[in-house]
Structure formats: C-alpha cells, structure tokens
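Undergrad: See coords_24.cif below, with mmCIF, C-alpha atoms.
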data_protein
#
loop_
_atom_site.label_atom_id
_atom_site.label_comp_id
_atom_site.auth_asym_id
_atom_site.auth_seq_id
_atom_site.Cartn_x
_atom_site.Cartn_y
_atom_site.Cartn_z
CA MET A 517 101.70 214.02 220.34
CA LYS A 518 104.91 214.84 218.49
CA LYS A 519 106.94 214.97 221.72
CA LYS A 520 105.34 211.75 222.89
CA LEU A 521 106.31 210.01 219.65
CA GLU A 522 109.91 211.23 219.98
CA TYR A 523 110.04 209.99 223.57
CA GLU A 524 108.81 206.55 222.60
CA GLN A 525 111.38 206.35 219.80
CA ARG A 526 114.23 207.25 222.21
CA LYS A 527 112.93 204.70 224.67
CA ALA A 528 112.88 202.00 221.99
CA ARG A 529 116.46 202.83 220.93
CA ALA A 530 117.63 202.66 224.54
CA LYS A 531 115.94 199.33 225.00
CA ALA A 532 117.53 197.97 221.82
CA LEU A 533 120.93 199.22 223.00
CA ARG A 534 120.47 197.47 226.34
CA MET A 535 119.48 194.30 224.55
CA ARG A 536 122.64 194.48 222.46
CA LEU A 537 124.75 194.86 225.62
CA THR A 538 123.18 191.90 227.47
CA CYS A 539 123.27 188.18 226.87
CA THR A 540 120.18 186.79 225.11
CA ILE A 541 120.07 183.70 227.36
CA CYS A 542 121.05 184.80 230.86
CA GLY A 543 120.83 188.60 230.60
CA ALA A 544 124.38 189.21 231.90
CA ARG A 545 126.38 192.26 230.82
CA PRO A 546 129.94 191.14 230.29
CA LYS A 547 132.68 193.34 228.86
CA LYS A 548 132.73 191.38 225.64
CA LEU A 549 129.81 189.59 223.91
CA LEU A 550 129.84 186.76 221.42
CA ASN A 551 127.72 187.75 218.37
CA CYS A 552 125.74 185.11 216.46
CA PRO A 553 126.47 184.93 212.70
CA CYS A 554 122.89 186.06 211.98
CA GLU A 555 123.55 189.21 214.08
CA THR A 556 120.23 188.92 215.88
CA THR A 557 121.46 187.48 219.19
CA GLN A 558 124.56 187.72 221.41
CA TYR A 559 125.89 185.57 224.22
CA CYS A 560 128.08 186.11 227.24
CA SER A 561 129.77 182.70 226.88
CA VAL A 562 129.95 179.61 224.70
CA ALA A 563 127.74 177.77 227.20
CA CYS A 564 124.86 180.20 226.59
CA GLN A 565 125.39 179.88 222.85
CA LYS A 566 125.15 176.06 223.07
CA VAL A 567 121.92 176.33 225.08
CA ASP A 568 120.36 178.59 222.43
CA TRP A 569 121.55 176.52 219.49
CA ARG A 570 120.84 173.03 220.82
CA GLU A 571 117.90 173.41 223.17
CA ARG A 572 116.02 176.36 221.66
CA GLY A 573 116.65 175.49 218.00
CA HIS A 574 118.31 178.77 217.03
CA ARG A 575 120.72 176.88 214.73
CA THR A 576 117.95 176.31 212.10
CA ALA A 577 116.60 179.86 212.45
CA CYS A 578 120.07 181.32 212.10
CA LYS A 579 120.72 179.33 208.92
CA LYS A 580 117.39 180.40 207.41
CA ILE A 581 118.07 184.10 208.18
CA ARG A 582 121.52 183.95 206.54
CA ASN A 583 120.16 182.18 203.44
CA ASP A 584 117.38 184.78 203.02
CA ARG A 585 119.90 187.62 203.31
CA ALA A 586 122.18 186.00 200.74
CA ALA A 587 119.33 185.48 198.29
CA GLU A 588 118.21 189.09 198.69
CA ALA A 589 121.75 190.33 198.08
CA ALA A 590 122.03 188.15 194.96
CA ARG A 591 118.79 189.56 193.62
CA ALA A 592 120.00 193.08 194.26
CA GLU A 593 123.29 192.47 192.40
CA ALA A 594 121.63 190.68 189.45
CA PRO A 595 121.43 192.75 186.25
CA THR A 596 118.05 194.21 185.39
CA PRO A 597 116.42 192.34 182.45
CA PRO A 598 115.81 194.46 179.37
CA PRO A 599 112.23 195.68 178.97
CA SER A 600 110.00 193.64 176.66
CA PRO A 601 109.21 195.21 173.31
CA PRO A 602 105.89 197.01 173.14
CA ARG A 603 102.96 194.93 171.90
CA GLU A 604 101.97 195.68 168.37
CA VAL A 605 98.59 197.40 168.25
CA PHE A 606 96.36 196.85 165.25
CA TYR A 607 94.17 199.81 164.49
CA GLY A 608 91.07 198.61 162.61
CA PRO A 609 87.31 198.34 162.85
CA ALA A 610 85.91 197.33 166.23
CA PRO A 611 84.47 193.81 166.51
CA ARG A 612 80.74 193.59 165.79
CA SER A 613 78.49 193.25 168.82
CA HIS A 614 75.48 191.98 166.84
CA ALA A 615 73.32 194.45 168.78
CA ASP A 616 71.66 195.68 165.59
CA GLU A 617 70.75 192.14 164.57
CA ILE A 618 69.29 191.39 168.02
CA ARG A 619 67.25 194.61 168.01
CA ALA A 620 65.94 193.80 164.54
CA ARG A 621 64.97 190.27 165.60
CA ILE A 622 63.15 191.54 168.71
CA ALA A 623 61.30 194.13 166.63
CA ALA A 624 60.29 191.43 164.14
CA GLU A 625 58.98 189.23 166.97
CA HIS A 626 56.96 192.12 168.39
CA GLU A 627 55.54 192.86 164.96
CA ALA A 628 54.59 189.21 164.43
CA ALA A 629 52.89 189.11 167.86
CA ARG A 630 50.96 192.27 167.03
CA ALA A 631 49.83 190.77 163.72
CA ARG A 632 48.67 187.61 165.51
CA ARG A 633 46.71 189.67 168.03
CA GLU A 634 45.03 191.65 165.27
CA ALA A 635 44.23 188.50 163.27
CA ASP A 636 42.77 186.67 166.29
CA PRO A 637 41.87 189.25 168.95
CA ASP A 638 40.80 188.18 172.41
CA PRO A 639 37.06 188.43 172.97
CA GLU A 640 36.01 191.34 175.10
CA PRO A 641 35.62 190.00 178.64
CA VAL A 642 32.09 189.95 180.00
CA VAL A 643 33.44 190.74 183.49
CA GLU A 644 36.57 192.87 183.83
CA ARG A 645 37.61 191.15 187.06
CA PHE A 646 37.59 187.73 185.36
CA GLY A 647 39.12 188.76 182.03
CA SER A 648 39.01 186.74 178.83
CA ARG A 649 41.49 184.05 179.95
CA CYS A 650 42.39 182.00 182.99
CA PRO A 651 44.93 184.10 184.98
CA ILE A 652 47.11 181.04 185.67
CA CYS A 653 47.33 178.99 182.45
CA LEU A 654 46.27 181.90 180.17
CA GLU A 655 43.91 179.59 178.26
CA ALA A 656 40.68 181.09 176.94
CA TRP A 657 37.61 180.34 179.05
CA ASP A 658 35.71 177.23 178.01
CA VAL A 659 32.09 178.37 177.74
CA ASN A 660 30.90 174.76 178.19
CA ALA A 661 32.83 174.09 181.41
CA SER A 662 32.25 175.38 184.92
CA ASP A 663 35.02 177.39 186.55
CA VAL A 664 36.04 177.78 190.20
CA PHE A 665 35.21 181.02 192.04
CA LEU A 666 37.77 182.08 194.67
CA THR A 667 36.01 183.72 197.61
CA CYS A 668 39.22 185.26 198.95
CA CYS A 669 39.83 187.61 196.01
CA CYS A 670 36.61 187.27 193.95
CA ARG A 671 38.53 185.92 190.95
CA ARG A 672 37.97 182.70 189.08
CA VAL A 673 40.31 180.09 187.59
CA CYS A 674 39.72 177.05 185.41
CA ARG A 675 39.06 173.78 187.21
CA SER A 676 42.29 172.09 186.12
CA CYS A 677 44.44 174.97 187.44
CA ASN A 678 42.52 174.94 190.71
CA ASP A 679 43.13 171.19 191.14
CA LYS A 680 46.85 171.56 190.43
CA THR A 681 47.43 174.54 192.73
CA LYS A 682 45.40 172.95 195.51
CA LYS A 683 47.85 170.04 195.76
CA GLY A 684 51.04 172.10 195.87
CA SER A 685 50.08 174.99 198.16
CA ASP A 686 47.76 175.91 201.01
CA ALA A 687 47.37 179.51 199.78
CA CYS A 688 45.39 181.13 196.99
CA PRO A 689 47.50 181.14 193.79
CA LEU A 690 46.45 184.73 192.99
CA CYS A 691 46.23 186.70 196.25
CA ARG A 692 48.36 184.31 198.41
CA ILE A 693 45.83 184.37 201.27
CA PRO A 694 45.64 181.02 203.11
CA ARG A 695 42.80 178.84 201.86
CA ALA A 696 39.63 178.64 203.92
CA GLU A 697 39.44 175.54 206.08
CA ASN A 698 35.67 175.04 205.84
CA ALA A 699 32.52 176.26 204.12
CA ALA A 700 31.66 178.68 206.93
CA GLU A 701 34.94 180.54 206.50
CA ARG A 702 34.45 180.72 202.72
CA LEU A 703 30.95 182.12 203.24
CA ALA A 704 32.27 184.71 205.71
CA ARG A 705 34.87 185.88 203.19
CA LEU A 706 32.22 186.08 200.49
CA ARG A 707 29.92 188.16 202.69
CA ARG A 708 32.73 190.64 203.40
CA HIS A 709 33.12 191.23 199.67
CA VAL A 710 29.34 191.57 199.33
CA GLU A 711 29.37 194.29 201.98
CA ASN A 712 31.98 196.12 199.88
CA GLU A 713 29.60 196.05 196.87
CA VAL A 714 31.74 193.75 194.70
CA PRO A 715 29.39 192.72 191.82
CA GLU A 716 31.02 189.31 191.29
CA ALA A 717 30.69 188.48 194.98
CA ILE A 718 27.02 189.50 194.97
CA GLN A 719 26.31 187.29 191.95
CA HIS A 720 28.08 184.33 193.55
CA LEU A 721 26.15 184.78 196.80
CA GLY A 722 22.90 184.64 194.83
CA GLN A 723 24.14 181.45 193.18
CA ALA A 724 24.99 180.06 196.63
CA TYR A 725 21.38 180.60 197.78
CA ARG A 726 19.98 179.16 194.57
CA ALA A 727 22.23 176.05 194.31
CA PRO A 728 22.64 175.91 197.42
CA LEU A 729 26.33 176.18 198.45
CA TYR A 730 28.40 176.65 201.64
CA GLY A 731 25.77 174.96 203.81
CA LEU A 732 23.04 177.52 203.05
CA VAL A 733 19.38 176.58 202.81
CA ARG A 734 17.89 176.85 199.31
CA ASN A 735 16.04 180.15 199.06
CA GLU A 736 15.16 181.29 195.55
CA LYS A 737 13.38 184.44 196.71
CA LYS A 738 16.50 185.64 198.47
CA ALA A 739 18.61 184.60 195.45
CA ALA A 740 16.38 186.69 193.16
CA LYS A 741 16.71 189.68 195.48
CA ILE A 742 20.52 189.34 195.47
CA TYR A 743 20.57 188.93 191.67
CA LYS A 744 18.60 192.18 191.35
CA ARG A 745 21.22 193.93 193.44
CA GLY A 746 23.98 192.52 191.19
CA ALA A 747 22.11 193.49 188.00
CA GLU A 748 21.77 197.07 189.29
CA LEU A 749 25.56 197.15 189.65
CA GLY A 750 25.93 196.01 186.02
CA ASN A 751 26.92 192.38 186.53
CA VAL A 752 26.05 190.50 183.33
CA VAL A 753 25.90 187.06 184.95
CA SER A 754 23.37 188.36 187.48
CA MET A 755 21.23 189.70 184.61
CA CYS A 756 21.26 186.31 182.88
CA SER A 757 20.47 184.38 186.09
CA LEU A 758 17.67 186.78 187.04
CA GLY A 759 16.25 186.53 183.51
CA SER A 760 16.17 182.75 183.79
CA MET A 761 14.29 183.02 187.09
CA TYR A 762 11.73 185.40 185.53
CA GLY A 763 11.36 183.03 182.58
CA SER A 764 10.61 180.02 184.80
CA GLY A 765 8.88 181.83 187.68
CA ASP A 766 11.34 180.56 190.32
CA GLY A 767 11.42 182.90 193.32
CA VAL A 768 9.70 185.70 191.38
CA LYS A 769 6.47 186.22 189.50
CA LEU A 770 6.51 184.74 185.99
CA ASP A 771 7.26 187.52 183.50
CA LYS A 772 8.41 186.51 180.01
CA LYS A 773 8.78 190.11 178.91
CA LYS A 774 11.07 190.96 181.83
CA ALA A 775 13.04 187.77 181.21
CA ALA A 776 13.60 188.65 177.55
CA GLN A 777 14.64 192.18 178.50
CA LEU A 778 17.25 190.95 181.00
CA HIS A 779 18.55 188.32 178.60
CA ARG A 780 18.85 190.90 175.85
CA LEU A 781 20.85 193.22 178.10
CA ALA A 782 23.28 190.43 178.95
CA ALA A 783 23.40 189.07 175.37
CA ASP A 784 24.28 192.45 173.90
CA ARG A 785 27.23 192.61 176.28
CA GLY A 786 28.57 189.24 175.09
CA HIS A 787 27.26 186.69 177.60
CA VAL A 788 27.06 183.35 175.74
CA VAL A 789 24.40 181.69 177.89
CA ALA A 790 22.19 184.78 177.66
CA GLN A 791 22.56 184.78 173.87
CA HIS A 792 21.48 181.14 173.69
CA ASN A 793 18.57 181.62 176.11
CA LEU A 794 17.35 184.70 174.24
CA SER A 795 17.57 182.76 170.96
CA CYS A 796 15.36 179.99 172.41
CA MET A 797 12.84 182.52 173.75
CA LEU A 798 12.62 184.32 170.40
CA PHE A 799 12.23 181.02 168.56
CA LYS A 800 9.20 180.14 170.68
CA GLU A 801 7.49 183.40 169.69
CA GLY A 802 6.96 182.15 166.14
CA PRO A 803 8.28 182.52 162.58
CA SER A 804 8.32 186.30 162.81
CA SER A 805 11.22 186.11 165.28
CA TYR A 806 13.19 183.32 163.56
CA ARG A 807 15.75 185.64 161.97
CA GLU A 808 16.57 187.43 165.22
CA SER A 809 16.68 184.09 167.00
CA PHE A 810 19.13 182.78 164.41
CA ARG A 811 21.35 185.84 164.84
CA TYR A 812 21.74 185.37 168.60
CA CYS A 813 22.17 181.62 168.18
CA LYS A 814 24.97 182.24 165.67
CA LEU A 815 26.73 184.58 168.12
CA ALA A 816 26.70 181.91 170.83
CA ALA A 817 27.74 179.13 168.42
CA ASP A 818 30.70 181.14 167.16
CA ARG A 819 31.93 181.33 170.76
CA GLY A 820 31.81 177.51 170.96
CA TYR A 821 28.63 176.98 173.03
CA THR A 822 27.62 173.38 172.28
CA ALA A 823 23.85 173.76 172.71
CA ALA A 824 23.86 176.77 170.37
CA GLU A 825 25.85 174.80 167.78
CA PHE A 826 23.23 172.06 167.84
CA ASN A 827 20.34 174.54 167.50
CA LEU A 828 22.17 176.36 164.71
CA ALA A 829 22.54 173.10 162.79
CA ILE A 830 18.78 172.52 163.13
CA SER A 831 18.10 176.02 161.77
CA TYR A 832 20.31 175.39 158.76
CA ARG A 833 18.69 172.02 158.12
CA LYS A 834 15.08 173.21 158.38
CA GLY A 835 15.61 176.72 157.03
CA GLU A 836 14.33 178.51 160.13
CA GLY A 837 15.57 182.08 160.05
CA VAL A 838 18.07 181.27 157.28
CA ASP A 839 18.15 179.56 153.90
CA VAL A 840 18.45 175.76 153.94
CA ASP A 841 22.12 174.73 153.81
CA LEU A 842 22.74 171.05 154.54
CA GLU A 843 26.51 171.42 154.29
CA GLU A 844 26.50 174.04 157.05
CA ALA A 845 24.05 171.92 159.04
CA ARG A 846 26.41 168.96 158.86
CA ARG A 847 29.38 171.11 159.88
CA TRP A 848 27.65 172.44 162.99
CA TYR A 849 26.30 168.98 163.86
CA ALA A 850 29.87 167.65 163.64
CA ARG A 851 31.21 170.42 165.90
CA ALA A 852 28.60 169.70 168.57
CA ALA A 853 29.07 165.92 168.26
CA ALA A 854 32.85 166.26 168.70
CA LYS A 855 32.19 167.80 172.13
CA GLY A 856 30.03 164.86 173.23
CA HIS A 857 26.54 166.11 172.35
CA GLU A 858 24.55 162.87 171.91
CA LYS A 859 21.61 164.39 170.00
CA ALA A 860 24.01 166.05 167.58
CA ALA A 861 25.81 162.75 167.01
CA SER A 862 22.56 160.90 166.24
CA ALA A 863 21.36 163.74 163.99
CA LEU A 864 24.67 163.69 162.15
CA THR A 865 24.38 159.93 161.59
CA LYS A 866 20.84 160.33 160.32
CA LEU A 867 21.87 163.19 158.01
CA ASP A 868 24.72 161.13 156.56
CA ALA A 869 22.40 158.16 156.04
CA GLU A 870 19.93 160.24 154.06
CA ALA A 871 22.65 161.76 151.80
CA SER A 872 20.00 163.50 149.75
CA TRP A 873 22.15 166.45 148.73
CA PRO A 874 24.92 166.46 146.14
CA TYR A 875 28.37 166.35 147.66
CA SER A 876 31.62 164.68 146.72
CA GLY A 877 33.39 162.58 149.31
CA PRO A 878 32.95 162.62 153.07
CA PRO A 879 32.52 166.14 154.45
CA THR A 880 35.28 167.44 156.71
CA THR A 881 34.65 168.64 160.26
CA HIS A 882 36.08 171.94 161.44
#
Mind turning the file's structure into structure tokens?
TA:
Amino acid sequence: MKKKLEYEQRKARAKALRMRLTCTICGARPKKLLNCPCETTQYCSVACQKVDWRERGHRTACKKIRNDRAAEAARAEAPTPPPSPPREVFYGPAPRSHADEIRARIAAEHEAARARREADPDPEPVVERFGSRCPICLEAWDVNASDVFLTCCCRRVCRSCNDKTKKGSDACPLCRIPRAENAAERLARLRRHVENEVPEAIQHLGQAYRAPLYGLVRNEKKAAKIYKRGAELGNVVSMCSLGSMYGSGDGVKLDKKKAAQLHRLAADRGHVVAQHNLSCMLFKEGPSSYRESFRYCKLAADRGYTAAEFNLAISYRKGEGVDVDLEEARRWYARAAAKGHEKAASALTKLDAEASWPYSGPPTTH
C-alpha cells in the first residue's frame, strides 16, 4: 500500500507537470507558454487566451482568485491584536436553587393529604374488584344510583362516566377491549368470566336471569342457583340478592331465617342494601328487636341510603329503638327529602306544621 501511494503521487506530479507544459485551451506544447496572472492556466498564444477570457469567462474567475490571494496576504501581514484581559471572577456563595423550599412544600402537601385521608377515610369496599370509587372519575359510589357493569373486564363504572366514554370511543375505557356489538356478544363474554369463577361475573349472571337481561328468559330458580354459587365464593351482593329471594319466596322456598342469616352476613361486611333490609326484617319481629334494627338502619343511613334515612327519621320521631328526638328526626327527614323522597318531604312538612317541640328559628338541614 505504501508503494502504491508513492506511485500515485509520482503519477499526479507528472500529470501536473504535463499540464503546465501544455496549453489549457488547445493542448499544444510550444517552447514558450503565456501564463495567466492567476497562475492557474497557461496558453500557447494570445488567441487561446482570448477564447478562455471572453468565451469561457475566465476573466471573472481570474480576478476573484487574485483578490482572495491579496486579502489572505493582507490578513497574514496584519499585526496580531493584543489578547483581551481576563474576566474578573467573583468568588462568593453559589446562587440558591430553591430545592430545599420545593422539597419542604412537597412534604407539607403530602402531610396535608395524609391528614385529610385520616380525617375522612374511604369506606372499605364491599367488593375488591369494584373498589370504593368509580375508577374513571374517582367519585365515591352513590348508593342510591345504579352503576354500569362492564362484561369485558367485570368492572363497573358510574352511569355518567359510561355515557361520556361511550360517545368518544368504541373500546372499554378500562381494559381497552372493543365494545360488544350486541347482547349476545356481551352474554358470551360474561359466561367466559363465569367459567373462570369470577364472583362478580357470577352475581351479574344471576341478576341477568332475574331481571332479565341480554335477551335471556326470566328464570328465578336458575338465578337463585347462580346466587348460591356466588355466595359460596364470598360475593356480598350475591348474599344480599339470595337473602331477598328467600325472604319473598321467589325461586326458592320461603325461609325468613335463612334470609336474615344471609342479610346479616352481607350487612356485617358493609353492604348498604343488606343493612337496610336486615333492619326492616328485625323491625317486623317486634319491640324486642327495635334496638338492633335501629343500629343497622343507622349504619345504612350514615352511608347515604335514602330509604334508611327516612326509616331512621321515623324511629327518632316515634322512639322505636332509640329515645325520641324530634330535632334528629327533622334532620334525617330533610336529608331524605333533599334527595327527592316524597314521603320524607310530606312528613317534614307535617312535622314543621305541628311545631310542638321547643326550638328557636328554622332548623338547618345537613
């Protein structure tokens, strides 16, 4: 490779020498050549020089080459400017980054959030898959409103979130599976989850047979059998639904004792409807069960269940299971009436008309 490089260099020098000995225009090799002022071309005669300058435009190129050389020579001869004085460096404390302040603010926000959570903790979810809030808007579940069950992932969302996500997308907002096109496809998805022993899917299938839904024929016996399967897996909603069927004798043999047992199991695990139903069943047993009935009714009313609020107001007014307290009765009547309970509104009007207890000014609603 070294010898090859040397050979190519010698060849290039020979070619350059030949070019210097020949005319740039015609290629002749006269004894004497006319050199261009830019020293890049040579001519054998004035005629060749005129051809290059006039027809090929070498006049402008030659002038540009000479001007560039002159400017470069002037720059080389120009004196070197003195170096600029060094910049004065101030040695002092580094500027503050405010990192400590930001960390302190973030820690204060975390502490405030923790205090809020401890002051108002989320209720323990009845079903772990559903949680205590809507997974989209993060609003607490409304115990008086019906939610939407998603057969694709066995989750549920509030009705308003379902309506909003339905308009903007053709996929499930949680699992991103395309929405079912018809009831048959939804039922097929639900049955696949039932085969995998998902308790929420089993409970919803029982509800589909009892309602009925998805084009199924109403079959309460089959619904009761499915609810039993869900209750064995620990689903609280299945326990409450099966207890209601035992209490009314729909699809199963009437058994008040079994109904109370199932409702108690679900109520002790925090199911609001089961708490209210158990309270009504205990109330019908007589004065000996009034106190226990009041306790379960109070649990459901504290969660915001409208029917329980109305029944709790009646208990406070008549002194059933608790001492008579007309102020508390009015407060619970007002809470139920604010949610549209007609009987509570009429009872509240009647209670205000009687005004037989000492109070100053119009009572406030909470």
Undergrad: Identify which of the residues A:Lys814, A:Arg785, A:Lys769, A:Arg705 lies closest to Glu736 of chain A, counting only C-alpha atoms when measuring atom-to-atom distances.
TA: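 When distances to Glu736 of chain A are compared using only C-alpha atoms, the smallest one comes from A:Lys769.
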Undergrad: Applying 12 Å and all atoms listed in the file, which residues near His574 of chain A remain after dropping the ones on its own chain fewer than 5 positions away? List them as number ranges by chain.
TA: A: 540-541, 552-554, 556-558, 564-569, 579-581
Undergrad: I need the output of the PyMOL selection byres ((chain A and resi 739-756) around 10) for this file as a PyMOL selection string; which residues are they?
TA: chain A and resi 642-643+710+713-728+734-738+757-762+766-768+775-791+793-794
Undergrad: Do you have the atom CA of Leu815 of chain A-atom CA of Leu770 of chain A distance handy?
TA: 27.0 Å
Undergrad: Atom CA of Glu825 of chain A and atom CA of Trp848 of chain A, how far apart in Å?
TA: 5.6 Å
Undergrad: Kindly indicate which residue among A:Asp584, A:Glu697, A:Asp663, A:Asp818 lies nearest to Arg649 of chain A, using only C-alpha atoms for the distances.
TA: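 Distance minimum relative to Arg649 of chain A lands on A:Asp663.
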Undergrad: For a quick check of understanding, using only C-alpha atoms, which of A:Ser764, A:Ser831, A:Ser685, A:Thr576 has the smallest distance to Tyr806 of chain A?
TA: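 Ranking A:Ser764, A:Ser831, A:Ser685, A:Thr576 by distance to Tyr806 of chain A, first place goes to A:Ser831.
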Undergrad: Would you list the contacts of Tyr849 of chain A as a list in words, taking every protein, DNA or RNA residue within 6 Å and counting all atoms listed in the file, but skipping same-chain residues closer than 5 positions in sequence?
TA: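 Result of the neighbour search: Phe826, Ala829, Ala860 and Leu864 of chain A.
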Undergrad: Take atom CA of Arg833 of chain A and atom CA of Arg846 of chain A and report the distance between them in Å, one decimal.
TA: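 Between atom CA of Arg833 of chain A and atom CA of Arg846 of chain A the gap is 8.3 Å.
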Undergrad: Go through A:Val838, A:Cys677, A:Thr667, A:Asn660 one by one, measure the shortest atom-to-atom distance of each to Lys855 of chain A using all atoms listed in the file, and give the residue with the smallest value.
TA: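 Nearest to Lys855 of chain A: A:Asn660.
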Undergrad: Please enumerate the residues selected by the PyMOL selection byres ((chain A and resi 656) around 12) when evaluated against the supplied file, formatted as a list in words.
TA: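 Written out, the selection comes to Pro637, Asp638, Pro639, Glu640, Pro641, Phe646, Gly647, Ser648, Arg649, Cys650, Pro651, Ile652, Cys653, Leu654, Glu655, Trp657, Asp658, Val659, Asn660, Ala661, Asp663, Val673, Cys674, Arg819 and Gly820 of chain A.
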Undergrad: First collect every listed atom of segment 765-776 of chain A; then fit an axis-aligned box around them, widen it by 3 Å on each side, and give centre and edge lengths in Å to one decimal, as JSON.
TA:
{"center_x": 10.0, "center_y": 185.8, "center_z": 185.4, "size_x": 13.1, "size_y": 16.4, "size_z": 21.8}
Undergrad: Using only C-alpha atoms, can you tell me which of A:Cys691, A:Ala852, A:Ala615, A:Ala700 comes closest to Cys669 of chain A?
TA: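 For Cys669 of chain A, the nearest of the given residues is A:Cys691.
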Undergrad: Given the file shown, enumerate the residues that the PyMOL selection byres ((chain A and resi 807) around 10) captures and present them as an MDAnalysis selection string.
TA: chainID A and resid 795 798:799 803:806 808:813 831 836:838
